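Written out below as structure tokens is the structure these notes cover.
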Amino acid sequence: MPATNPDGGWGAQRTPLPAPPLGLDPTQRDGELDPLALRTFVLSTLSPEDRRALRERLTPEERARLAAETAGPEGERLLMIRAGLRLLLGQMLDADPGAVVLDDGPCPHCGRPHDLTASSPAGRRLHYAAVGRGDLIVYAICRFPVGLGLGVPDGPGRQAWLRARRPARLAARRQAVARGLCSAPRDSSLEHIVRYVDTAPEYDCVVSVALEVPYRPDNPVFRDPPTD
Ligand SMILES: [Zn+2]
């Protein structure tokens, strides 16, 4: 079992999906999605200059709202998470990060926060998810509804890692549901694909990513395992 793979069982045959670091250059364009992009964002690596530049990616309303909602380090953390998300969406949508429109309200059908979407002024639209624990933030950007879930082991050792898989997987699946389909009967034209995200062991968590994709018999690399 690779040292980076917190999973056992079938997961031992599956390499966790790579999640390279978020690039901080807002002019970087990264529109290649096939169909999923994962990024990690480690807040402690940010210099004061990085933080100042990131704040510029937020809208004035976001800066005011987030500053009012949570003061101190937690407020700063939320600001950085939101700014990093905007930066990445700007790169993916080929748009000014501050001009991206985020739809992250609750689902009008069931009230749950699932199927978060972002649109560019030019009308491009992508699905996104974000999850974090302390210093580590993971973003997912996808052409399909996507969810991320995080599980924290309740102790050291492999068994604790294995127990953390389930909450991570369930949370990811709950989020990766297209709005409007959440309460309707599911049909066989859609499937959920669940994989793990490669995160460094020092962050002590299991991160799952789930995609709701159109069913194709030959659906690729991402094919869900039948077990578990
Ligand atoms: Zn819903």
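Identifiers for the structure tokens are assigned positionally: chains receive A, B, ... in sequence, residues are indexed from 1 per chain, and ligands are indexed from 1 in the order shown.
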Taking a cut-off of 6 Å and counting only C-alpha atoms and all ligand atoms, can you build a table that, for each residue of chain A near ligand 1, reports the nearest atom pair and how far apart they are in Å (one decimal), sorted by chain then residue number, as a Markdown table?
| residue | atom | partner | partner_atom_place_in_ligand_line | distance |
| --- | --- | --- | --- | --- |
| A:Cys107 | CA | ligand 1 | 1 (Zn) | 4.5 |
| A:His109 | CA | ligand 1 | 1 (Zn) | 4.8 |
| A:Cys110 | CA | ligand 1 | 1 (Zn) | 4.0 |
| A:Gly111 | CA | ligand 1 | 1 (Zn) | 5.9 |
| A:Arg112 | CA | ligand 1 | 1 (Zn) | 5.5 |
| A:Arg179 | CA | ligand 1 | 1 (Zn) | 5.1 |
| A:Gly180 | CA | ligand 1 | 1 (Zn) | 5.9 |
| A:Cys182 | CA | ligand 1 | 1 (Zn) | 4.5 |
Emit the selected residues as a PDB file, in the first residue's frame, including C-alpha atoms.
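Once written, out18.pdb looks like this:
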ATOM      1  CA  CYS A 107     -30.950  24.104  -2.945  1.00  0.00           C
ATOM      2  CA  HIS A 109     -35.849  22.044  -3.650  1.00  0.00           C
ATOM      3  CA  CYS A 110     -34.544  20.546  -0.410  1.00  0.00           C
ATOM      4  CA  GLY A 111     -32.687  23.366   1.318  1.00  0.00           C
ATOM      5  CA  ARG A 112     -29.393  21.508   1.464  1.00  0.00           C
ATOM      6  CA  ARG A 179     -30.238  20.604  -7.944  1.00  0.00           C
ATOM      7  CA  GLY A 180     -33.714  19.572  -8.800  1.00  0.00           C
ATOM      8  CA  CYS A 182     -32.357  15.661  -5.162  1.00  0.00           C
TER       9      CYS A 182
END
Proximity of region 115-197 of chain A to region 28-38 of chain A: per-residue shortest pair, 10 Å limit, only C-alpha atoms, as CSV:
residue,atom,partner,partner_atom,distance
A:Leu126,CA,A:Leu33,CA,9.9
A:His127,CA,A:Leu36,CA,9.5
A:Tyr128,CA,A:Ala37,CA,9.5
A:Ala129,CA,A:Leu38,CA,9.6
A:Ala130,CA,A:Leu38,CA,9.7
A:Val138,CA,A:Leu38,CA,7.1
A:Tyr139,CA,A:Leu38,CA,5.7
A:Ala140,CA,A:Leu38,CA,4.6
A:Ile141,CA,A:Ala37,CA,5.2
A:Cys142,CA,A:Leu36,CA,4.4
A:Arg143,CA,A:Pro35,CA,5.5
A:Phe144,CA,A:Pro35,CA,7.4
A:Val146,CA,A:Leu36,CA,8.6
A:Val197,CA,A:Leu38,CA,7.9
Fewer than 5 positions away in the same chain doesn't count, so skip those; otherwise give me all residues within 10 Å of Ser119 (chain A), counting only C-alpha atoms, as a PyMOL selection string. chain A and resi 89-90+93+95+99-103+124-127
Could you give me, as a PyMOL selection string, the residues within 6 Å of region 204-213 of chain A, counting only C-alpha atoms and dropping anything in the same chain fewer than 2 positions from it? chain A and resi 145-152+168-169+172-173+176+190-197+201-202
Store the residues picked out above, limited to C-alpha atoms, as an mmCIF file, in the first residue's frame.
data_model
loop_
_atom_site.group_PDB
_atom_site.id
_atom_site.type_symbol
_atom_site.label_atom_id
_atom_site.label_comp_id
_atom_site.auth_asym_id
_atom_site.auth_seq_id
_atom_site.Cartn_x
_atom_site.Cartn_y
_atom_site.Cartn_z
ATOM 1 C CA PRO A 145 -22.033 18.339 -9.985
ATOM 2 C CA VAL A 146 -19.237 17.646 -7.542
ATOM 3 C CA GLY A 147 -18.916 17.193 -3.801
ATOM 4 C CA LEU A 148 -16.090 16.977 -1.302
ATOM 5 C CA GLY A 149 -16.213 15.328 2.088
ATOM 6 C CA LEU A 150 -13.705 15.178 4.885
ATOM 7 C CA GLY A 151 -13.260 12.543 7.564
ATOM 8 C CA VAL A 152 -11.002 12.874 10.581
ATOM 9 C CA ALA A 168 -15.865 11.526 4.012
ATOM 10 C CA ARG A 169 -17.536 9.519 1.294
ATOM 11 C CA ALA A 172 -19.013 14.061 -0.717
ATOM 12 C CA ARG A 173 -21.943 12.169 -2.181
ATOM 13 C CA ALA A 176 -22.554 15.960 -5.565
ATOM 14 C CA LEU A 190 -26.637 9.243 -13.858
ATOM 15 C CA GLU A 191 -24.018 7.674 -11.686
ATOM 16 C CA HIS A 192 -21.927 8.807 -8.772
ATOM 17 C CA ILE A 193 -18.227 8.245 -8.916
ATOM 18 C CA VAL A 194 -16.348 8.435 -5.629
ATOM 19 C CA ARG A 195 -12.598 8.671 -5.273
ATOM 20 C CA TYR A 196 -10.082 9.828 -2.710
ATOM 21 C CA VAL A 197 -7.964 12.932 -2.920
ATOM 22 C CA PRO A 201 -0.378 12.600 5.878
ATOM 23 C CA GLU A 202 0.425 15.490 8.235
#
Residue list (helix (DSSP H, G or I), DSSP) for region 125-192 of chain A, as a ChimeraX atom specification: /A:158-175
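Near Asp50 (chain A), within a cut-off of 12 Å and counting only C-alpha atoms, sit the residues A:Gly23, A:Leu24, A:Asp25, A:Pro26, A:Leu43, A:Ser44, A:Thr45, A:Leu46, A:Ser47, A:Pro48, A:Arg52, A:Ala53, A:Leu54, A:Arg55, A:Glu56, A:Arg57, A:Met80, A:Ala83, A:Gly84, A:Leu87, with same-chain residues fewer than 2 positions away left out.
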Can you tell me how far CA of Glu61 (chain A) sits from CA of Leu78 (chain A), in Å to one decimal?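 CA of Leu78 (chain A) lies at a distance of 14.0 Å from CA of Glu61 (chain A).
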DSSP on the backbone: which residues in region 5-222 of chain A end up as strand (DSSP E or B)? Give the answer as a PyMOL selection string. chain A and resi 17+21+36-42+101-103+116-119+125-133+136-142+146-151+190-197+206-214
Would you please work out which residue, of A:Thr27, A:Ser120, A:Thr40, A:Thr70, is nearest to Leu85 (chain A) when using only C-alpha atoms?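 Among the listed residues, A:Thr40 lies closest to Leu85 (chain A).
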Pick out the residues sitting within 10 Å of Gly155 (chain A), and hand them over as a list of chain:residue names; count only C-alpha atoms, and ignore anything fewer than 6 positions along from it in its own chain.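 Final neighbour list, sorted by chain and number: A:Trp161, A:Arg163, A:Ala164, A:Asp204.
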Would you write out those residues with N, CA and C atoms, as a PDB file, in the first residue's frame?
ATOM      1  N   TRP A 161      -8.048   5.300  10.178  1.00  0.00           N
ATOM      2  CA  TRP A 161      -8.135   5.836   8.816  1.00  0.00           C
ATOM      3  C   TRP A 161      -9.322   5.223   8.078  1.00  0.00           C
ATOM      4  N   ARG A 163     -12.035   3.951   9.306  1.00  0.00           N
ATOM      5  CA  ARG A 163     -13.315   4.449   9.816  1.00  0.00           C
ATOM      6  C   ARG A 163     -13.620   5.849   9.290  1.00  0.00           C
ATOM      7  N   ALA A 164     -12.612   6.636   9.032  1.00  0.00           N
ATOM      8  CA  ALA A 164     -12.823   8.013   8.569  1.00  0.00           C
ATOM      9  C   ALA A 164     -13.271   8.069   7.113  1.00  0.00           C
ATOM     10  N   ASP A 204      -3.743  14.719   8.442  1.00  0.00           N
ATOM     11  CA  ASP A 204      -4.510  13.787   9.260  1.00  0.00           C
ATOM     12  C   ASP A 204      -5.998  13.809   8.933  1.00  0.00           C
TER      13      ASP A 204
END
Can you work out the spacing between CA of Tyr203 (chain A) and CA of Ala19 (chain A) in Å, to one decimal?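 One can read the CA of Tyr203 (chain A) to CA of Ala19 (chain A) distance as 13.8 Å.
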